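A quick write-up on the structure given underneath.
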Amino acid sequence: MAYTTRKDLRLLNNLFSSILGDKINIPKAKNKILNFLDDINVPFSDDLEIIVTDYINHLNSNTFTPLGRRMHLFMCYISLAQGGGFVKRYVELDSDFSDPLFVVGLPRSGTTNLHNLFIEELGYHGLRYWQLASPSRRVRHYKLDNFLRRAQTNFVFSIFKYLVPSIQEMHHVNMDTYEECWHFHKNIFLCYNYVIQIDFKKLEDYLMKNDSTFILAEYKKFLSSNQEFLSKRFALKCPEYLLFLNDIKTVFPQSEIVWIHRDPIDSILSYCPMINNTWEFFRGKTDKVEAGKYIVSFYKKMLKKAMLDRKNMDIKIHDISYKDLLLNRESLILNLKDSFQCYGRERAQKNVDFYINKYQFEPELYEINKNAIRDEFAFYYDEYDEYL
């Protein structure tokens with residue numbers, strides 16, 4: 001399917017197709033990814049080799065454009081190179097490391113806002129985008145190492161911003177914003193966000209079957225290797241953690257989990273253009289109704305899994321209302337100070353405009369029926385009505 005909206009992307013698409021061919025070379029790409037995974041010491045199995053082959057075959061399907069499939073593979077290679085470098089260079093676990101606090105919730109439910117509140121208002125440590133995207137140290141000199149890692153991350157991110165500029169209007173990112181954990185997870189390939197980006201259902205099945213403890217264990221090594229941060233706890237966030245609460249408690253048994261709740265209708269409508277525009281880059285022209293249905297299905301899956309795990313686990317989860325985050329912020333902060341280990345305000349707060357979705361779109365194009373959503377998500381509304 002050809003690009004139909006931007007002339008520059010149509011030109012790049014034709015250029016990639018004419019120079020590199022329409023399809024990815026399967027044996028070459030497969031061997032390269034498997035070699036990366038070998039460097040990262042990912043536990044090998046026949047299933048893993050199959051999922052790598054399925055990934056390349058999925059990109060080679062007619063769903064994607066030549067530019068889209070090549071760019072996803074290119075980003076995959078860059079991330080895996082980071083993962084291999086990290087595994088070779090990280091410092092072993094420090095005995096003083098404290099398990100982090102995790103912010104979870106549906107995408108576009110206020111997780112970024114709440115995550116920043118814990119870091120900027122309550123004094124927790126946060127990881128910046130360049131640290132997550134480029135965890136592999138280059139040189140021993142601290143300042144030079146940070147410069148080199150930031151420079152590479154900024155170069156790659158500049159390409160992404162050019163290709164999909166609208167994402168910045170929905171979720172502003174720069175080198176120093178505190179970002180989601182999946183930016184680290186993608187360095188190990190087994191990243192749930194890949195499922196969302198390219199609708200790669202077989203990877204989802206693999207992750208659900210094999211769990212994510214290996215990824216989280218590597219993440220723990222990364223967190224504890226940052227010696228300068230060990231005086232305080234980390235606050236981390238990633239909406240997809242709703243699917244892996246069991247794994248969090250396995251790897252981080254002393255962690256605390258905070259779940260922010262927002263009306264699913266509002267979260268779905270906010271997430272629709274983000275997913276559609278991402279798909280549009282990789283696929284070309286997209287079906288907005290298909291994107292809307294995908295998000296509804298995805299949200300139901302996340303909530304049902306999280307609610308079931310919560311009932312079956314010996315786990316304390318703190319519930320937060322999105323409305324309180326916006327309308328009763330000072331009162332919420334006081335309550336959080338009573339409930340959590342806080343370190344005091346040390347960072348400049350972001351202006352409220354930072355969290356506003358500035359992207360203009362037509363919600364009706366996604367055909368999200370509010371009454372139907374209330375019926376489909378009745379199990380969630382009934383359970384958490386006081387927070388919605």
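Chain identifiers are assigned as A, B, and so on, following the order in which chains appear in the structure tokens; residues are numbered from 1 within each chain, and ligands are numbered from 1 in order of appearance.
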Using DSSP secondary structure from the backbone, list all strand (DSSP E or B) positions within range 97-305 of chain A, as a PDB file with N, CA and C atoms, in the first residue's frame.
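The resulting result-v3.pdb:
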ATOM      1  N   LEU A 101       9.254   2.092  42.425  1.00  0.00           N
ATOM      2  CA  LEU A 101       7.804   2.297  42.387  1.00  0.00           C
ATOM      3  C   LEU A 101       7.393   2.290  40.918  1.00  0.00           C
ATOM      4  N   PHE A 102       6.306   1.582  40.601  1.00  0.00           N
ATOM      5  CA  PHE A 102       5.834   1.477  39.222  1.00  0.00           C
ATOM      6  C   PHE A 102       4.496   2.203  39.075  1.00  0.00           C
ATOM      7  N   VAL A 103       4.407   3.068  38.079  1.00  0.00           N
ATOM      8  CA  VAL A 103       3.153   3.726  37.711  1.00  0.00           C
ATOM      9  C   VAL A 103       2.563   2.965  36.529  1.00  0.00           C
ATOM     10  N   VAL A 104       1.330   2.485  36.690  1.00  0.00           N
ATOM     11  CA  VAL A 104       0.671   1.746  35.608  1.00  0.00           C
ATOM     12  C   VAL A 104      -0.697   2.364  35.348  1.00  0.00           C
ATOM     13  N   HIS A 125      13.732   9.227  41.800  1.00  0.00           N
ATOM     14  CA  HIS A 125      14.583   9.295  40.610  1.00  0.00           C
ATOM     15  C   HIS A 125      13.794   8.857  39.379  1.00  0.00           C
ATOM     16  N   ARG A 128      15.744   9.368  32.096  1.00  0.00           N
ATOM     17  CA  ARG A 128      15.499  10.235  30.947  1.00  0.00           C
ATOM     18  C   ARG A 128      15.539   9.416  29.658  1.00  0.00           C
ATOM     19  N   TYR A 178      11.284  12.303  31.154  1.00  0.00           N
ATOM     20  CA  TYR A 178      11.250  11.005  31.831  1.00  0.00           C
ATOM     21  C   TYR A 178      10.300  10.094  31.059  1.00  0.00           C
ATOM     22  N   PHE A 234      13.722   4.630  42.409  1.00  0.00           N
ATOM     23  CA  PHE A 234      13.254   5.014  41.087  1.00  0.00           C
ATOM     24  C   PHE A 234      11.733   5.001  41.044  1.00  0.00           C
ATOM     25  N   ALA A 235      11.167   5.905  40.272  1.00  0.00           N
ATOM     26  CA  ALA A 235       9.762   5.835  39.870  1.00  0.00           C
ATOM     27  C   ALA A 235       9.769   5.529  38.379  1.00  0.00           C
ATOM     28  N   LEU A 236       9.148   4.432  37.994  1.00  0.00           N
ATOM     29  CA  LEU A 236       9.142   3.972  36.606  1.00  0.00           C
ATOM     30  C   LEU A 236       7.707   3.889  36.117  1.00  0.00           C
ATOM     31  N   LYS A 237       7.555   3.907  34.793  1.00  0.00           N
ATOM     32  CA  LYS A 237       6.183   3.777  34.281  1.00  0.00           C
ATOM     33  C   LYS A 237       6.166   3.194  32.887  1.00  0.00           C
ATOM     34  N   GLU A 256       6.508  -1.079  44.785  1.00  0.00           N
ATOM     35  CA  GLU A 256       5.151  -0.580  45.005  1.00  0.00           C
ATOM     36  C   GLU A 256       4.555  -0.221  43.656  1.00  0.00           C
ATOM     37  N   ILE A 257       3.242  -0.441  43.522  1.00  0.00           N
ATOM     38  CA  ILE A 257       2.563  -0.214  42.253  1.00  0.00           C
ATOM     39  C   ILE A 257       1.432   0.784  42.461  1.00  0.00           C
ATOM     40  N   VAL A 258       1.396   1.782  41.595  1.00  0.00           N
ATOM     41  CA  VAL A 258       0.354   2.802  41.629  1.00  0.00           C
ATOM     42  C   VAL A 258      -0.413   2.733  40.313  1.00  0.00           C
ATOM     43  N   TRP A 259      -1.721   2.564  40.392  1.00  0.00           N
ATOM     44  CA  TRP A 259      -2.562   2.400  39.199  1.00  0.00           C
ATOM     45  C   TRP A 259      -3.446   3.639  39.085  1.00  0.00           C
ATOM     46  N   ILE A 260      -3.294   4.364  37.984  1.00  0.00           N
ATOM     47  CA  ILE A 260      -4.122   5.539  37.736  1.00  0.00           C
ATOM     48  C   ILE A 260      -5.285   5.154  36.834  1.00  0.00           C
ATOM     49  N   HIS A 261      -6.474   5.637  37.172  1.00  0.00           N
ATOM     50  CA  HIS A 261      -7.694   5.256  36.465  1.00  0.00           C
ATOM     51  C   HIS A 261      -8.311   6.484  35.789  1.00  0.00           C
TER      52      HIS A 261
END
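Contact shell of range 218-222 of chain A at 10 Å (only C-alpha atoms; same-chain neighbours under 4 positions omitted): Ile40, Val42, Gly83, Phe86, Val87, Arg89, Tyr90, Val91, Glu92, Leu93, Asp94, Phe97, Asp99, Pro100, Gln131, Leu132, Pro135, Ser136, Cys181, Phe184, His185, Ile188, Thr213, Phe214, Asn226, Val251 and Phe252 of chain A.
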Those residues you just picked out, can you put them in a file as a JSON list (two decimals), in the first residue's frame with C-alpha atoms?
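Dumped to result_1.json:
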[["chain", "number", "residue", "atom", "x", "y", "z"],
["A", 40, "ILE", "CA", 22.48, -10.20, 24.94],
["A", 42, "VAL", "CA", 18.63, -14.07, 25.81],
["A", 83, "GLY", "CA", 21.35, -4.21, 24.29],
["A", 86, "PHE", "CA", 24.84, -2.92, 27.78],
["A", 87, "VAL", "CA", 25.05, -6.59, 28.76],
["A", 89, "ARG", "CA", 29.42, -3.37, 30.23],
["A", 90, "TYR", "CA", 26.92, -3.10, 33.07],
["A", 91, "VAL", "CA", 28.06, -3.06, 36.69],
["A", 92, "GLU", "CA", 26.82, -5.90, 38.91],
["A", 93, "LEU", "CA", 23.87, -5.42, 41.26],
["A", 94, "ASP", "CA", 24.47, -3.22, 44.28],
["A", 97, "PHE", "CA", 19.44, -1.09, 45.57],
["A", 99, "ASP", "CA", 13.03, -1.88, 44.33],
["A", 100, "PRO", "CA", 11.30, 0.90, 42.39],
["A", 131, "GLN", "CA", 19.38, 6.92, 29.28],
["A", 132, "LEU", "CA", 16.72, 4.36, 28.39],
["A", 135, "PRO", "CA", 21.99, 2.22, 28.09],
["A", 136, "SER", "CA", 25.34, 0.98, 26.79],
["A", 181, "CYS", "CA", 10.38, 1.62, 30.32],
["A", 184, "PHE", "CA", 14.85, 0.03, 27.46],
["A", 185, "HIS", "CA", 12.91, -3.18, 26.77],
["A", 188, "ILE", "CA", 16.31, -6.78, 24.16],
["A", 213, "THR", "CA", 11.03, -11.81, 33.85],
["A", 214, "PHE", "CA", 14.23, -12.00, 31.78],
["A", 226, "ASN", "CA", 23.55, 3.63, 38.02],
["A", 251, "VAL", "CA", 11.71, -9.57, 39.88],
["A", 252, "PHE", "CA", 11.00, -6.61, 42.18]]
- Message: So that I can see what lies close to Leu106 in chain A, please list as number ranges by chain the residues with an atom at most 10 Å from it, counting only C-alpha atoms and leaving out residues fewer than 5 positions away in the same chain.
- Response: A: 111, 238-242, 259-264, 267-268, 271, 298-300, 302-303
- Note on the structure: Using only C-alpha atoms, the best pick from A:Glu180, A:Ser231, A:Ser270, A:Leu59 as closest to Gln197 in chain A would be A:Leu59
Per residue of range 48-81 of chain A within 12 Å of range 155-166 of chain A, what are the shortest atom pair and its distance in Å to one decimal, counting only C-alpha atoms, with rows by chain and residue number, as a Markdown table?
| residue | atom | partner | partner_atom | distance |
| --- | --- | --- | --- | --- |
| A:Leu67 | CA | A:Leu163 | CA | 10.4 |
| A:Gly68 | CA | A:Leu163 | CA | 10.0 |
| A:Met71 | CA | A:Phe160 | CA | 9.3 |
| A:His72 | CA | A:Phe160 | CA | 10.5 |
| A:Phe74 | CA | A:Val156 | CA | 10.2 |
| A:Met75 | CA | A:Val156 | CA | 8.3 |
| A:Cys76 | CA | A:Val156 | CA | 11.7 |
| A:Tyr77 | CA | A:Val156 | CA | 11.9 |
| A:Ile78 | CA | A:Val156 | CA | 8.8 |
| A:Ser79 | CA | A:Val156 | CA | 10.4 |
Those selected residues, please, written with N, CA and C atoms and delivered as a compact mmCIF listing (two decimals), in the first residue's frame.
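Result went into part_16.txt, see below:
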# COMPACT_ATOMS: atom_id res chain seq x y z
N LEU A 67 9.42 1.25 2.81
CA LEU A 67 10.04 2.15 3.78
C LEU A 67 9.67 1.75 5.20
N GLY A 68 8.40 1.44 5.45
CA GLY A 68 7.95 1.08 6.79
C GLY A 68 8.65 -0.15 7.32
N MET A 71 12.43 0.60 7.99
CA MET A 71 12.69 1.49 9.11
C MET A 71 12.45 0.77 10.45
N HIS A 72 11.44 -0.10 10.51
CA HIS A 72 11.25 -0.84 11.76
C HIS A 72 12.41 -1.78 12.00
N PHE A 74 15.46 -1.38 10.88
CA PHE A 74 16.60 -0.52 11.19
C PHE A 74 16.58 -0.13 12.66
N MET A 75 15.42 0.29 13.18
CA MET A 75 15.31 0.66 14.59
C MET A 75 15.55 -0.54 15.49
N CYS A 76 15.12 -1.71 15.04
CA CYS A 76 15.35 -2.94 15.79
C CYS A 76 16.85 -3.23 15.90
N TYR A 77 17.57 -3.11 14.80
CA TYR A 77 19.02 -3.34 14.80
C TYR A 77 19.73 -2.40 15.76
N ILE A 78 19.38 -1.11 15.69
CA ILE A 78 20.03 -0.11 16.56
C ILE A 78 19.79 -0.44 18.02
N SER A 79 18.57 -0.81 18.35
CA SER A 79 18.23 -1.13 19.73
C SER A 79 18.97 -2.38 20.20
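Between CA of Arg233 in chain A and CA of His115 in chain A the separation is 12.9 Å.
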- Extract, using only C-alpha atoms, all DNA, RNA and protein residues at most 9 Å from range 48-52 of chain A, discarding same-chain residues fewer than 4 positions from it, and format them as a ChimeraX atom specification. /A:30,33-34,43-44,56-57,202-203,206
With N, CA and C atoms retained, write the just-selected residues as a short mmCIF file (atom, residue, chain, number, x, y, z; two decimals), in the first residue's frame.
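Saved to again_33.cif:
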data_model
loop_
_atom_site.label_atom_id
_atom_site.label_comp_id
_atom_site.auth_asym_id
_atom_site.auth_seq_id
_atom_site.Cartn_x
_atom_site.Cartn_y
_atom_site.Cartn_z
N LYS A 30 17.38 -12.57 9.77
CA LYS A 30 17.20 -13.52 10.87
C LYS A 30 18.52 -13.79 11.58
N ILE A 33 19.66 -10.74 13.70
CA ILE A 33 18.91 -10.57 14.95
C ILE A 33 19.29 -11.65 15.96
N LEU A 34 19.42 -12.91 15.50
CA LEU A 34 19.78 -13.99 16.41
C LEU A 34 21.18 -13.79 16.98
N PRO A 43 17.78 -16.17 26.77
CA PRO A 43 17.63 -17.62 26.80
C PRO A 43 17.05 -18.14 25.48
N PHE A 44 17.82 -18.97 24.79
CA PHE A 44 17.39 -19.42 23.48
C PHE A 44 16.45 -20.61 23.58
N ILE A 56 10.17 -11.10 10.87
CA ILE A 56 10.61 -10.68 9.54
C ILE A 56 9.53 -10.97 8.51
N ASN A 57 8.90 -12.14 8.61
CA ASN A 57 7.81 -12.46 7.68
C ASN A 57 6.65 -11.48 7.83
N LYS A 202 1.87 -12.50 17.21
CA LYS A 202 2.64 -13.68 17.60
C LYS A 202 3.66 -13.34 18.68
N LEU A 203 4.18 -12.13 18.67
CA LEU A 203 5.07 -11.71 19.74
C LEU A 203 4.30 -11.59 21.05
N TYR A 206 3.93 -14.99 22.42
CA TYR A 206 5.21 -15.45 22.96
C TYR A 206 5.47 -14.85 24.34
#
- Task: Identify which of the residues A:Leu114, A:Asn193, A:Asp247, A:Val296 lies closest to Ile320 in chain A, counting only C-alpha atoms when measuring atom-to-atom distances.
- Result: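 Of A:Leu114, A:Asn193, A:Asp247, A:Val296, the one nearest Ile320 in chain A is A:Leu114, counting only C-alpha atoms.
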- Who sits within 8 Å of range 333-341 of chain A, only C-alpha atoms, same chain under 3 positions skipped, as an MDAnalysis selection string: chainID A and resid 121:122 329:330
Could you turn the residues from that selection into a file that holds C-alpha atoms, as an mmCIF file, in the first residue's frame?
data_model
loop_
_atom_site.group_PDB
_atom_site.id
_atom_site.type_symbol
_atom_site.label_atom_id
_atom_site.label_comp_id
_atom_site.auth_asym_id
_atom_site.auth_seq_id
_atom_site.Cartn_x
_atom_site.Cartn_y
_atom_site.Cartn_z
ATOM 1 C CA GLU A 121 7.145 16.727 43.386
ATOM 2 C CA LEU A 122 8.033 13.776 45.607
ATOM 3 C CA ARG A 329 -3.463 17.948 42.664
ATOM 4 C CA GLU A 330 -2.261 19.538 45.911
#
- Query: From the set A:Lys293, A:His183, A:His171, A:Lys143, which residue has the shortest atom-to-atom contact distance to Trp130 in chain A, counting only C-alpha atoms?
  - Reply: A:His183
- Residue neighbourhood Ile167 in chain A, 9 Å, only C-alpha atoms, exclusion window fewer than 4 positions, as a VMD selection string: chain A and resid 161 171 to 173 273 to 274 277 to 278 359
- Give the answer as one residue: which of A:Phe282, A:Ala372, A:Asn351, A:Ser255 has the shortest atom-to-atom distance to Lys316 in chain A, using only C-alpha atoms? A:Ser255
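Picture a line from CA of Thr153 in chain A to CA of Met170 in chain A; it runs 20.3 Å.
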- Message: Nearest residue to Asp314 in chain A out of A:Thr63, A:Gln82, A:Thr5, A:Thr250, using only C-alpha atoms?
- Response: A:Thr250
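Nearest residue to Glu376 in chain A, choosing from A:Leu37, A:Ile265, A:Ile198, A:Ile317 and counting only C-alpha atoms: A:Ile265.
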